[in-house]
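Reading through the structure tokens given below for one structure.
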Amino acid sequence: MKSWPRTSAAASLSVLVLALAACMPGSTIWTPSYEELNTHAPDSFVVAMETSEGPIEITMYREWSPLAVDRAHYLMANDFYAGARFYRVVPGFVAQWGLTGKPVLDSLWQERGIDDEPVVDSNARGTVAFARAGRRTRSFQLFINLADNSRLDDYASGGVLGFPPIGRVNTGMDVVDGLYGAYGQPGDMQDSISAIGSTYLTRTYPQLDSILSTRVVRSWPPR
């Protein structure tokens with residue numbers, strides 16, 4: 001039985017996160033300002049994602065889910081996902097990523113969930129959406145639909161209805177289809193990544209594909 005795209009349920013590490021983040025070098029992903037987190041993304045933009053399997057190009061559409069696309073733009077433009085694994089690849093369902101393998105960073109962003117929004121477009125093959133585990137839990141974990149998952153459009157769980165798509169893969173679906181998926185979806189994987197980090201994945205799931213970099217390469221209107 002398939003489980004739905006969800007976020008990790010790891011316990012909050014607020015005090016530790018704030019203390020360590022304050023010591024991190026200047027990258028904005030560790031200490032995002034209120035202004036940065038509330039800056040509107042372009043109406044649409046193209047992300048070039050380099051992966052261990054090959055390049056993927058995704059177009060995001062702000063009208064589909066404005067708050068979610070604003071968040072995705074911030075994360076992609078700041079190369080937040082560099083080094084992150086595609087830790088949940090279920091053939092015929094979804095390919096999910098987001099947890100960076102840095103427990104402090106992941107805990108910091110886990111607490112930055114955005115407001116829920118209605119589903120505007122359908123979860124067709126190739127569309128991208130945020131994972132969630134209840135109200136205001138869309139934060140930084142994303143998935144690509146590997147098939148027509150329109151049932152996710154009105155799937156009710158945790159007091160929230162549906163998974164709003166935010167964009168679509170333009171080129172590279174063959175790359176997405178080729179992501180390593182033989183591990184399935186072990187029930188404790190996300191919590192273990194959150195608690196232990198990349199060393200857990202390297203030791204236990206060494207064949208997982210990873211994201212090398214993300215860049216915003218075009219936007220409309222131009223910036």
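Chains: A, B, ... in order of the structure tokens. Residues: from 1 per chain. Ligands: from 1, in order shown.
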
| request: Write out as a ChimeraX atom specification which residues come within 10 Å of A:Gly92 when counting only C-alpha atoms, dropping same-chain ones fewer than 4 positions away. | output: /A:125,145-149,177

| task | Write out as a VMD selection string each polymer residue whose atoms come within 12 Å of A:Glu53, counting only C-alpha atoms; drop sequence neighbours fewer than 6 positions from it. | result | chain A and resid 85 to 86 172 to 180 207 to 212

Requested write-out: C-alpha atoms of the selected residues, as a PDB file, in the first residue's frame:
ATOM      1  CA  ARG A  85      19.375  12.660  -1.999  1.00  0.00           C
ATOM      2  CA  PHE A  86      16.244  11.490  -3.748  1.00  0.00           C
ATOM      3  CA  GLY A 172      14.539  15.359 -18.170  1.00  0.00           C
ATOM      4  CA  MET A 173      11.610  13.098 -17.258  1.00  0.00           C
ATOM      5  CA  ASP A 174      13.756  10.255 -18.557  1.00  0.00           C
ATOM      6  CA  VAL A 175      16.277  11.278 -15.889  1.00  0.00           C
ATOM      7  CA  VAL A 176      13.539  11.333 -13.234  1.00  0.00           C
ATOM      8  CA  ASP A 177      12.346   7.881 -14.341  1.00  0.00           C
ATOM      9  CA  GLY A 178      15.932   6.634 -14.014  1.00  0.00           C
ATOM     10  CA  LEU A 179      16.406   7.686 -10.380  1.00  0.00           C
ATOM     11  CA  TYR A 180      17.352   4.747  -8.187  1.00  0.00           C
ATOM     12  CA  GLN A 207      22.952   3.913  -4.311  1.00  0.00           C
ATOM     13  CA  LEU A 208      20.481   6.773  -3.880  1.00  0.00           C
ATOM     14  CA  ASP A 209      20.784   9.495  -6.523  1.00  0.00           C
ATOM     15  CA  SER A 210      21.491  13.045  -5.422  1.00  0.00           C
ATOM     16  CA  ILE A 211      21.071  16.668  -6.469  1.00  0.00           C
ATOM     17  CA  LEU A 212      24.336  18.361  -7.439  1.00  0.00           C
TER      18      LEU A 212
END

Strand (DSSP E) per DSSP on the backbone: members of stretch 74-182 of chain A, as an mmCIF file with C-alpha atoms, in the first residue's frame:
data_model
loop_
_atom_site.group_PDB
_atom_site.id
_atom_site.type_symbol
_atom_site.label_atom_id
_atom_site.label_comp_id
_atom_site.auth_asym_id
_atom_site.auth_seq_id
_atom_site.Cartn_x
_atom_site.Cartn_y
_atom_site.Cartn_z
ATOM 1 C CA ARG A 88 12.010 8.231 -1.601
ATOM 2 C CA VAL A 89 11.592 6.940 -5.142
ATOM 3 C CA VAL A 90 8.511 4.777 -5.655
ATOM 4 C CA VAL A 94 6.606 9.756 -6.778
ATOM 5 C CA ALA A 95 10.259 10.768 -6.479
ATOM 6 C CA GLN A 96 10.756 12.811 -3.308
ATOM 7 C CA TRP A 97 13.637 14.925 -2.020
ATOM 8 C CA THR A 127 4.263 17.911 -11.968
ATOM 9 C CA VAL A 128 6.070 19.010 -8.815
ATOM 10 C CA ALA A 129 4.460 19.596 -5.403
ATOM 11 C CA PHE A 130 5.414 20.040 -1.756
ATOM 12 C CA LEU A 142 9.189 18.251 -2.675
ATOM 13 C CA PHE A 143 8.191 15.443 -4.994
ATOM 14 C CA ILE A 144 7.777 14.824 -8.705
ATOM 15 C CA ASN A 145 4.787 12.775 -9.815
ATOM 16 C CA ALA A 156 -7.724 14.642 2.683
ATOM 17 C CA SER A 157 -5.330 14.142 5.592
ATOM 18 C CA VAL A 160 -5.780 19.588 4.710
ATOM 19 C CA LEU A 161 -7.205 18.815 1.272
ATOM 20 C CA PRO A 165 1.297 21.339 -7.780
ATOM 21 C CA ILE A 166 3.709 24.253 -8.198
ATOM 22 C CA GLY A 167 5.429 23.414 -11.486
ATOM 23 C CA ARG A 168 6.172 20.858 -14.168
ATOM 24 C CA VAL A 169 9.245 19.070 -15.514
ATOM 25 C CA ASN A 170 9.971 20.446 -19.007
ATOM 26 C CA THR A 171 12.890 18.259 -19.932
#

| query | Can you tell me, as a PyMOL selection string, what residues are no more than 12 Å from A:Val120 when counting only C-alpha atoms, ignoring any on the same chain fewer than 6 positions away? | reply | chain A and resi 61-66+129+150+153-154+161-167

As a CSV table (one decimal) with N, CA and C atoms, in the first residue's frame, please: every residue in stretch 10-153 of chain A that a backbone DSSP assignment puts in alpha helix (DSSP H).
chain,number,residue,atom,x,y,z
A,14,SER,N,14.7,23.3,18.4
A,14,SER,CA,14.7,24.7,18.2
A,14,SER,C,16.0,25.4,18.8
A,15,VAL,N,16.2,25.1,20.1
A,15,VAL,CA,17.3,25.8,20.8
A,15,VAL,C,18.6,25.5,20.1
A,16,LEU,N,18.9,24.2,19.8
A,16,LEU,CA,20.1,23.8,19.2
A,16,LEU,C,20.3,24.4,17.8
A,17,VAL,N,19.2,24.4,17.1
A,17,VAL,CA,19.2,25.0,15.7
A,17,VAL,C,19.6,26.4,15.7
A,18,LEU,N,19.0,27.2,16.6
A,18,LEU,CA,19.3,28.7,16.6
A,18,LEU,C,20.7,28.9,17.1
A,19,ALA,N,21.2,28.1,18.0
A,19,ALA,CA,22.6,28.3,18.5
A,19,ALA,C,23.6,28.0,17.4
A,20,LEU,N,23.4,26.9,16.7
A,20,LEU,CA,24.3,26.5,15.7
A,20,LEU,C,24.2,27.3,14.5
A,21,ALA,N,23.0,27.7,14.1
A,21,ALA,CA,22.8,28.5,12.9
A,21,ALA,C,23.5,29.9,13.0
A,34,TYR,N,13.2,37.8,7.3
A,34,TYR,CA,11.8,37.9,7.1
A,34,TYR,C,11.5,38.4,5.7
A,35,GLU,N,12.3,39.4,5.2
A,35,GLU,CA,12.1,40.0,3.9
A,35,GLU,C,12.4,38.9,2.8
A,36,GLU,N,13.4,38.1,3.0
A,36,GLU,CA,13.8,37.1,2.0
A,36,GLU,C,12.7,36.1,1.9
A,37,LEU,N,12.1,35.7,3.1
A,37,LEU,CA,11.1,34.6,3.1
A,37,LEU,C,9.8,35.1,2.6
A,66,PRO,N,0.9,30.4,-4.9
A,66,PRO,CA,1.8,31.5,-4.7
A,66,PRO,C,2.8,31.4,-3.6
A,67,LEU,N,2.3,31.0,-2.4
A,67,LEU,CA,3.3,30.9,-1.3
A,67,LEU,C,4.3,29.8,-1.5
A,68,ALA,N,3.8,28.7,-2.0
A,68,ALA,CA,4.7,27.5,-2.3
A,68,ALA,C,5.7,27.8,-3.3
A,69,VAL,N,5.3,28.5,-4.4
A,69,VAL,CA,6.3,28.9,-5.4
A,69,VAL,C,7.3,29.9,-4.9
A,70,ASP,N,6.9,30.8,-4.1
A,70,ASP,CA,7.8,31.8,-3.4
A,70,ASP,C,8.9,31.0,-2.7
A,71,ARG,N,8.4,30.0,-1.9
A,71,ARG,CA,9.4,29.2,-1.1
A,71,ARG,C,10.3,28.4,-2.0
A,72,ALA,N,9.8,27.8,-3.0
A,72,ALA,CA,10.6,27.0,-3.9
A,72,ALA,C,11.6,27.9,-4.6
A,73,HIS,N,11.2,29.1,-5.0
A,73,HIS,CA,12.2,30.0,-5.7
A,73,HIS,C,13.3,30.3,-4.8
A,74,TYR,N,13.0,30.6,-3.5
A,74,TYR,CA,14.1,31.0,-2.5
A,74,TYR,C,15.0,29.8,-2.4
A,75,LEU,N,14.5,28.6,-2.2
A,75,LEU,CA,15.4,27.4,-2.0
A,75,LEU,C,16.2,27.1,-3.2
A,76,MET,N,15.6,27.1,-4.4
A,76,MET,CA,16.3,26.8,-5.6
A,76,MET,C,17.4,27.8,-5.9
A,77,ALA,N,17.0,29.1,-5.8
A,77,ALA,CA,17.9,30.1,-6.1
A,77,ALA,C,19.2,30.1,-5.2
A,103,PRO,N,21.2,17.6,9.8
A,103,PRO,CA,20.1,17.6,10.7
A,103,PRO,C,19.7,19.0,11.3
A,104,VAL,N,20.7,19.8,11.6
A,104,VAL,CA,20.4,21.2,12.1
A,104,VAL,C,19.7,22.0,11.1
A,105,LEU,N,20.2,22.0,9.8
A,105,LEU,CA,19.5,22.8,8.8
A,105,LEU,C,18.1,22.3,8.5
A,106,ASP,N,17.9,21.0,8.4
A,106,ASP,CA,16.6,20.4,8.2
A,106,ASP,C,15.6,20.8,9.3
A,107,SER,N,16.1,20.7,10.5
A,107,SER,CA,15.2,21.1,11.7
A,107,SER,C,14.8,22.6,11.6
A,108,LEU,N,15.8,23.4,11.2
A,108,LEU,CA,15.5,24.8,11.1
A,108,LEU,C,14.3,25.1,10.1
A,109,TRP,N,14.4,24.4,8.9
A,109,TRP,CA,13.4,24.6,7.9
A,109,TRP,C,12.1,23.9,8.2
A,110,GLN,N,12.2,22.8,8.9
A,110,GLN,CA,11.0,22.0,9.2
A,110,GLN,C,10.0,22.9,10.0

| From the list A:Ser33, A:Ala124, A:Pro5, A:Thr59, which residue is nearest A:Ser219 when using only C-alpha atoms? |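 Looking at the shortest contact to A:Ser219, the residue is A:Thr59.
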
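Here atom CA of A:Ser198 and atom CA of A:Gly181 stand 17.8 Å from one another.
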
| query | Looking at only C-alpha atoms, which of A:Tyr87, A:Gly134, A:Leu152, A:Ile114 is the one that sits closest to A:Thr204? | reply |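 Result for the nearest residue to A:Thr204: A:Tyr87.
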
| task | Counting only C-alpha atoms, figure out which residue out of A:Arg218, A:Arg112, A:His40, A:Lys102 gets nearest to A:Phe140. | result |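 With only C-alpha atoms as the atom set, the closest residue is A:Arg112.
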
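For A:Ser194, the set of protein, DNA and RNA residues having any atom at most 7 Å away, when counting only C-alpha atoms and skipping those fewer than 2 positions along the same chain, is Ala10, Gly101, Pro103, Asp106, Gln190, Asp191, Ser192, Ile196 and Gly197 of chain A.
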
| Of the residues A:Ile193, A:Asp115, A:Thr31, A:Asp79, which is the one nearest to A:Val47, using only C-alpha atoms? |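 Nearest to A:Val47: A:Asp79.
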
| Which of A:Thr28, A:Thr199, A:Ser44, A:Asn38 sits closest to A:Trp220 [using only C-alpha atoms] |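 Looking at the shortest contact to A:Trp220, the residue is A:Ser44.
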